[in-house]
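Notes for the one structure printed next.
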Amino acid sequence: QVQLVESGGGAVQAGGSLRLSCAASGNTISANSMAWFRQAPGKEREGVAASSSGGNIIVYADSVKGRFTISRDRNKKTLNLQMDTLQPEDSAMYYCAADLLRSNDSRLKPRNYKYWGQGTQVTVSS
């Protein structure tokens with residue numbers, strides 16, 4: 001069983017930065033791909049960034065490229081998301097996900113992950 005706990009959310013003004021972290025527990029988590037998703041009220045959950053276990057495969061949603069950076073700690077059990085130049089449209093609940101189900105499917109599709117955290121709220125004001 002894998003447990004994911006997100007932290008680091010908060011309220012910032014446009015142009016500001018936040019760093020989200022996801023602490024993962026479970027025997028095999030270090031071998032799992034992980035990702036960040038977000039969901040704003042009334043919208044579908046969307047992929048933000050994903051990283052393979054070793055970090056050799058990293059993908060970003062077009063909307064965050066150049067502003068967000070995904071990384072994993074050396075123990076591979078903590079997933080981070082550095083968010084810079086935040087905009088109001090980045091406001092959402094951010095979720096950590098783990099255990100890619102199909103390597104030949106999109107790493108930014110919610111259906112492709114087995115485990116989910118409870119989320120952390122990010123609010124960006126203009």
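Convention: chains lettered A, B, ... in structure tokens order; per-chain residue numbering from 1; ligands numbered from 1 as shown.
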Residue contacts of range 91-105 of chain A (6 Å, only C-alpha atoms) excluding same-chain residues fewer than 3 positions away, as a ChimeraX atom specification:
/A:32-40,88,112-117,119-124
Excluding range 14-23 of chain A and its own-chain neighbours fewer than 4 positions away, which residues fall within 7 Å of it when counting only C-alpha atoms? Please give them as a PDB file with all heavy atoms, in the first residue's frame.
ATOM      1  N   LEU A   4       0.277   8.899   0.182  1.00  0.00           N
ATOM      2  CA  LEU A   4       0.843  10.138  -0.329  1.00  0.00           C
ATOM      3  C   LEU A   4       0.277  11.303   0.474  1.00  0.00           C
ATOM      4  O   LEU A   4      -0.943  11.410   0.632  1.00  0.00           O
ATOM      5  CB  LEU A   4       0.496  10.318  -1.807  1.00  0.00           C
ATOM      6  CG  LEU A   4       0.878   9.164  -2.742  1.00  0.00           C
ATOM      7  CD1 LEU A   4       0.310   9.397  -4.134  1.00  0.00           C
ATOM      8  CD2 LEU A   4       2.387   9.003  -2.798  1.00  0.00           C
ATOM      9  N   VAL A   5       1.163  12.181   0.948  1.00  0.00           N
ATOM     10  CA  VAL A   5       0.727  13.326   1.740  1.00  0.00           C
ATOM     11  C   VAL A   5       1.352  14.595   1.166  1.00  0.00           C
ATOM     12  O   VAL A   5       2.586  14.746   1.173  1.00  0.00           O
ATOM     13  CB  VAL A   5       1.129  13.179   3.221  1.00  0.00           C
ATOM     14  CG1 VAL A   5       0.668  14.405   4.011  1.00  0.00           C
ATOM     15  CG2 VAL A   5       0.531  11.901   3.811  1.00  0.00           C
ATOM     16  N   GLU A   6       0.499  15.467   0.668  1.00  0.00           N
ATOM     17  CA  GLU A   6       0.962  16.719   0.083  1.00  0.00           C
ATOM     18  C   GLU A   6       1.072  17.814   1.144  1.00  0.00           C
ATOM     19  O   GLU A   6       0.344  17.805   2.137  1.00  0.00           O
ATOM     20  CB  GLU A   6       0.005  17.205  -1.009  1.00  0.00           C
ATOM     21  CG  GLU A   6      -0.227  16.246  -2.151  1.00  0.00           C
ATOM     22  CD  GLU A   6      -1.466  15.393  -1.959  1.00  0.00           C
ATOM     23  OE1 GLU A   6      -1.885  15.203  -0.798  1.00  0.00           O
ATOM     24  OE2 GLU A   6      -2.034  14.923  -2.969  1.00  0.00           O
ATOM     25  N   SER A   7       1.965  18.762   0.876  1.00  0.00           N
ATOM     26  CA  SER A   7       2.109  19.929   1.732  1.00  0.00           C
ATOM     27  C   SER A   7       2.661  21.085   0.912  1.00  0.00           C
ATOM     28  O   SER A   7       3.133  20.886  -0.213  1.00  0.00           O
ATOM     29  CB  SER A   7       3.046  19.631   2.909  1.00  0.00           C
ATOM     30  OG  SER A   7       4.343  19.313   2.442  1.00  0.00           O
ATOM     31  N   GLY A   8       2.596  22.282   1.468  1.00  0.00           N
ATOM     32  CA  GLY A   8       3.199  23.446   0.839  1.00  0.00           C
ATOM     33  C   GLY A   8       2.245  24.382   0.140  1.00  0.00           C
ATOM     34  O   GLY A   8       2.660  25.430  -0.365  1.00  0.00           O
ATOM     35  N   GLY A   9       0.976  24.029   0.097  1.00  0.00           N
ATOM     36  CA  GLY A   9       0.024  24.916  -0.542  1.00  0.00           C
ATOM     37  C   GLY A   9      -0.189  26.179   0.275  1.00  0.00           C
ATOM     38  O   GLY A   9       0.258  26.295   1.418  1.00  0.00           O
ATOM     39  N   LYS A  77      11.467   9.265  -2.485  1.00  0.00           N
ATOM     40  CA  LYS A  77      10.193   9.132  -1.799  1.00  0.00           C
ATOM     41  C   LYS A  77       9.510  10.474  -1.573  1.00  0.00           C
ATOM     42  O   LYS A  77       8.432  10.522  -0.990  1.00  0.00           O
ATOM     43  CB  LYS A  77      10.385   8.405  -0.468  1.00  0.00           C
ATOM     44  CG  LYS A  77      10.741   6.939  -0.645  1.00  0.00           C
ATOM     45  CD  LYS A  77      10.692   6.196   0.667  1.00  0.00           C
ATOM     46  CE  LYS A  77      10.929   4.708   0.466  1.00  0.00           C
ATOM     47  NZ  LYS A  77      10.799   3.940   1.719  1.00  0.00           N
ATOM     48  N   THR A  78      10.125  11.553  -1.994  1.00  0.00           N
ATOM     49  CA  THR A  78       9.508  12.866  -1.901  1.00  0.00           C
ATOM     50  C   THR A  78       9.496  13.495  -3.280  1.00  0.00           C
ATOM     51  O   THR A  78      10.524  13.589  -3.942  1.00  0.00           O
ATOM     52  CB  THR A  78      10.263  13.771  -0.921  1.00  0.00           C
ATOM     53  OG1 THR A  78      10.290  13.171   0.365  1.00  0.00           O
ATOM     54  CG2 THR A  78       9.584  15.124  -0.823  1.00  0.00           C
ATOM     55  N   LEU A  79       8.319  13.907  -3.686  1.00  0.00           N
ATOM     56  CA  LEU A  79       8.131  14.564  -4.976  1.00  0.00           C
ATOM     57  C   LEU A  79       7.873  16.038  -4.710  1.00  0.00           C
ATOM     58  O   LEU A  79       7.064  16.371  -3.857  1.00  0.00           O
ATOM     59  CB  LEU A  79       6.948  13.951  -5.718  1.00  0.00           C
ATOM     60  CG  LEU A  79       6.659  14.503  -7.105  1.00  0.00           C
ATOM     61  CD1 LEU A  79       7.728  14.037  -8.083  1.00  0.00           C
ATOM     62  CD2 LEU A  79       5.277  14.061  -7.571  1.00  0.00           C
ATOM     63  N   ASN A  80       8.574  16.891  -5.441  1.00  0.00           N
ATOM     64  CA  ASN A  80       8.435  18.320  -5.250  1.00  0.00           C
ATOM     65  C   ASN A  80       7.921  18.996  -6.516  1.00  0.00           C
ATOM     66  O   ASN A  80       8.117  18.499  -7.624  1.00  0.00           O
ATOM     67  CB  ASN A  80       9.793  18.935  -4.881  1.00  0.00           C
ATOM     68  CG  ASN A  80      10.423  18.279  -3.671  1.00  0.00           C
ATOM     69  OD1 ASN A  80       9.856  18.294  -2.587  1.00  0.00           O
ATOM     70  ND2 ASN A  80      11.587  17.669  -3.856  1.00  0.00           N
ATOM     71  N   LEU A  81       7.284  20.130  -6.330  1.00  0.00           N
ATOM     72  CA  LEU A  81       6.855  20.949  -7.457  1.00  0.00           C
ATOM     73  C   LEU A  81       7.142  22.404  -7.105  1.00  0.00           C
ATOM     74  O   LEU A  81       6.474  22.984  -6.263  1.00  0.00           O
ATOM     75  CB  LEU A  81       5.370  20.754  -7.766  1.00  0.00           C
ATOM     76  CG  LEU A  81       4.877  21.493  -9.007  1.00  0.00           C
ATOM     77  CD1 LEU A  81       5.484  20.859 -10.267  1.00  0.00           C
ATOM     78  CD2 LEU A  81       3.352  21.454  -9.089  1.00  0.00           C
ATOM     79  N   GLN A  82       8.161  22.950  -7.735  1.00  0.00           N
ATOM     80  CA  GLN A  82       8.486  24.357  -7.569  1.00  0.00           C
ATOM     81  C   GLN A  82       7.649  25.149  -8.565  1.00  0.00           C
ATOM     82  O   GLN A  82       7.751  24.913  -9.775  1.00  0.00           O
ATOM     83  CB  GLN A  82       9.972  24.588  -7.813  1.00  0.00           C
ATOM     84  CG  GLN A  82      10.393  26.047  -7.723  1.00  0.00           C
ATOM     85  CD  GLN A  82      10.238  26.619  -6.332  1.00  0.00           C
ATOM     86  OE1 GLN A  82      10.523  25.960  -5.345  1.00  0.00           O
ATOM     87  NE2 GLN A  82       9.780  27.865  -6.248  1.00  0.00           N
ATOM     88  N   MET A  83       6.848  26.055  -8.052  1.00  0.00           N
ATOM     89  CA  MET A  83       5.947  26.815  -8.902  1.00  0.00           C
ATOM     90  C   MET A  83       6.338  28.283  -8.830  1.00  0.00           C
ATOM     91  O   MET A  83       6.250  28.905  -7.768  1.00  0.00           O
ATOM     92  CB  MET A  83       4.498  26.622  -8.444  1.00  0.00           C
ATOM     93  CG  MET A  83       4.076  25.163  -8.391  1.00  0.00           C
ATOM     94  SD  MET A  83       2.319  24.949  -8.031  1.00  0.00           S
ATOM     95  CE  MET A  83       2.224  25.665  -6.395  1.00  0.00           C
ATOM     96  N   ASP A  84       6.779  28.804  -9.944  1.00  0.00           N
ATOM     97  CA  ASP A  84       7.190  30.205 -10.026  1.00  0.00           C
ATOM     98  C   ASP A  84       6.270  30.971 -10.965  1.00  0.00           C
ATOM     99  O   ASP A  84       5.559  30.383 -11.783  1.00  0.00           O
ATOM    100  CB  ASP A  84       8.632  30.298 -10.521  1.00  0.00           C
ATOM    101  CG  ASP A  84       9.617  29.643  -9.573  1.00  0.00           C
ATOM    102  OD1 ASP A  84       9.476  29.821  -8.345  1.00  0.00           O
ATOM    103  OD2 ASP A  84      10.539  28.949 -10.054  1.00  0.00           O
ATOM    104  N   THR A  85       6.305  32.273 -10.848  1.00  0.00           N
ATOM    105  CA  THR A  85       5.482  33.153 -11.691  1.00  0.00           C
ATOM    106  C   THR A  85       4.035  32.665 -11.707  1.00  0.00           C
ATOM    107  O   THR A  85       3.405  32.495 -12.753  1.00  0.00           O
ATOM    108  CB  THR A  85       6.035  33.218 -13.129  1.00  0.00           C
ATOM    109  OG1 THR A  85       7.458  33.265 -13.109  1.00  0.00           O
ATOM    110  CG2 THR A  85       5.534  34.469 -13.838  1.00  0.00           C
ATOM    111  N   LEU A  86       3.510  32.438 -10.535  1.00  0.00           N
ATOM    112  CA  LEU A  86       2.144  31.928 -10.427  1.00  0.00           C
ATOM    113  C   LEU A  86       1.140  32.944 -10.932  1.00  0.00           C
ATOM    114  O   LEU A  86       1.315  34.162 -10.774  1.00  0.00           O
ATOM    115  CB  LEU A  86       1.850  31.557  -8.981  1.00  0.00           C
ATOM    116  CG  LEU A  86       2.471  30.226  -8.525  1.00  0.00           C
ATOM    117  CD1 LEU A  86       2.528  30.152  -7.015  1.00  0.00           C
ATOM    118  CD2 LEU A  86       1.689  29.058  -9.091  1.00  0.00           C
ATOM    119  N   GLN A  87       0.088  32.422 -11.531  1.00  0.00           N
ATOM    120  CA  GLN A  87      -0.984  33.239 -12.076  1.00  0.00           C
ATOM    121  C   GLN A  87      -2.309  32.806 -11.452  1.00  0.00           C
ATOM    122  O   GLN A  87      -2.435  31.671 -10.971  1.00  0.00           O
ATOM    123  CB  GLN A  87      -1.034  33.082 -13.597  1.00  0.00           C
ATOM    124  CG  GLN A  87       0.243  33.511 -14.305  1.00  0.00           C
ATOM    125  CD  GLN A  87       0.591  34.974 -14.054  1.00  0.00           C
ATOM    126  OE1 GLN A  87      -0.277  35.842 -14.073  1.00  0.00           O
ATOM    127  NE2 GLN A  87       1.869  35.239 -13.792  1.00  0.00           N
ATOM    128  N   PRO A  88      -3.303  33.673 -11.466  1.00  0.00           N
ATOM    129  CA  PRO A  88      -4.597  33.292 -10.887  1.00  0.00           C
ATOM    130  C   PRO A  88      -5.163  31.999 -11.457  1.00  0.00           C
ATOM    131  O   PRO A  88      -5.812  31.240 -10.729  1.00  0.00           O
ATOM    132  CB  PRO A  88      -5.483  34.497 -11.222  1.00  0.00           C
ATOM    133  CG  PRO A  88      -4.533  35.646 -11.256  1.00  0.00           C
ATOM    134  CD  PRO A  88      -3.274  35.090 -11.861  1.00  0.00           C
ATOM    135  N   CYS A  96      -1.002  14.878  -5.569  1.00  0.00           N
ATOM    136  CA  CYS A  96       0.129  14.027  -5.906  1.00  0.00           C
ATOM    137  C   CYS A  96      -0.409  12.643  -6.277  1.00  0.00           C
ATOM    138  O   CYS A  96      -1.369  12.168  -5.662  1.00  0.00           O
ATOM    139  CB  CYS A  96       1.037  13.941  -4.683  1.00  0.00           C
ATOM    140  SG  CYS A  96       2.437  12.832  -4.832  1.00  0.00           S
ATOM    141  N   VAL A 124      -4.048  31.788  -5.947  1.00  0.00           N
ATOM    142  CA  VAL A 124      -3.246  32.896  -6.459  1.00  0.00           C
ATOM    143  C   VAL A 124      -4.172  34.077  -6.730  1.00  0.00           C
ATOM    144  O   VAL A 124      -5.109  33.964  -7.520  1.00  0.00           O
ATOM    145  CB  VAL A 124      -2.504  32.495  -7.749  1.00  0.00           C
ATOM    146  CG1 VAL A 124      -1.579  33.627  -8.193  1.00  0.00           C
ATOM    147  CG2 VAL A 124      -1.715  31.211  -7.535  1.00  0.00           C
ATOM    148  N   SER A 125      -3.899  35.185  -6.097  1.00  0.00           N
ATOM    149  CA  SER A 125      -4.736  36.371  -6.267  1.00  0.00           C
ATOM    150  C   SER A 125      -4.073  37.356  -7.226  1.00  0.00           C
ATOM    151  O   SER A 125      -2.844  37.438  -7.307  1.00  0.00           O
ATOM    152  CB  SER A 125      -4.985  37.031  -4.914  1.00  0.00           C
ATOM    153  OG  SER A 125      -3.762  37.394  -4.310  1.00  0.00           O
ATOM    154  N   SER A 126      -4.899  38.087  -7.915  1.00  0.00           N
ATOM    155  CA  SER A 126      -4.381  39.051  -8.901  1.00  0.00           C
ATOM    156  C   SER A 126      -4.085  40.388  -8.267  1.00  0.00           C
ATOM    157  O   SER A 126      -4.441  40.656  -7.133  1.00  0.00           O
ATOM    158  CB  SER A 126      -5.394  39.221 -10.029  1.00  0.00           C
ATOM    159  OG  SER A 126      -6.622  39.659  -9.511  1.00  0.00           O
TER     160      SER A 126
END
Would you give me, as a list in words, the residues in chain A that DSSP reads as helix (DSSP H, G or I)?
Ile29, Ser30, Ala31, Pro88, Glu89, Asp90, Pro110, Arg111 and Asn112 of chain A
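The shortest atom-to-atom distance to Ala49 in chain A, with only C-alpha atoms taken into account, belongs to A:Ile70 out of A:Ile29, A:Ile70, A:Gln3, A:Gln13.
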Members of chain A assigned strand (DSSP E or B) by DSSP, as number ranges by chain:
A: 3-7, 10-13, 18-25, 34-39, 46-51, 58-60, 68-72, 78-83, 92-100, 113-116, 120-125
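If you look at CA of Glu89 in chain A and CA of Ala24 in chain A, they are 27.4 Å away from each other.
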Non-local contacts of Ala31 in chain A (9 Å; only C-alpha atoms; under 6 positions in same chain excluded) as a ChimeraX atom specification:
/A:52-54,76,99
Contact table range 16-55 of chain A vs range 59-65 of chain A, cut-off 9 Å, shortest pair per residue, only C-alpha atoms, as a tab-separated table:
residue	atom	partner	partner_atom	distance
A:Glu46	CA	A:Ala61	CA	8.7
A:Gly47	CA	A:Ala61	CA	6.5
A:Val48	CA	A:Ala61	CA	5.1
A:Ala49	CA	A:Tyr60	CA	4.3
A:Ala50	CA	A:Val59	CA	5.3
A:Ser51	CA	A:Val59	CA	6.8
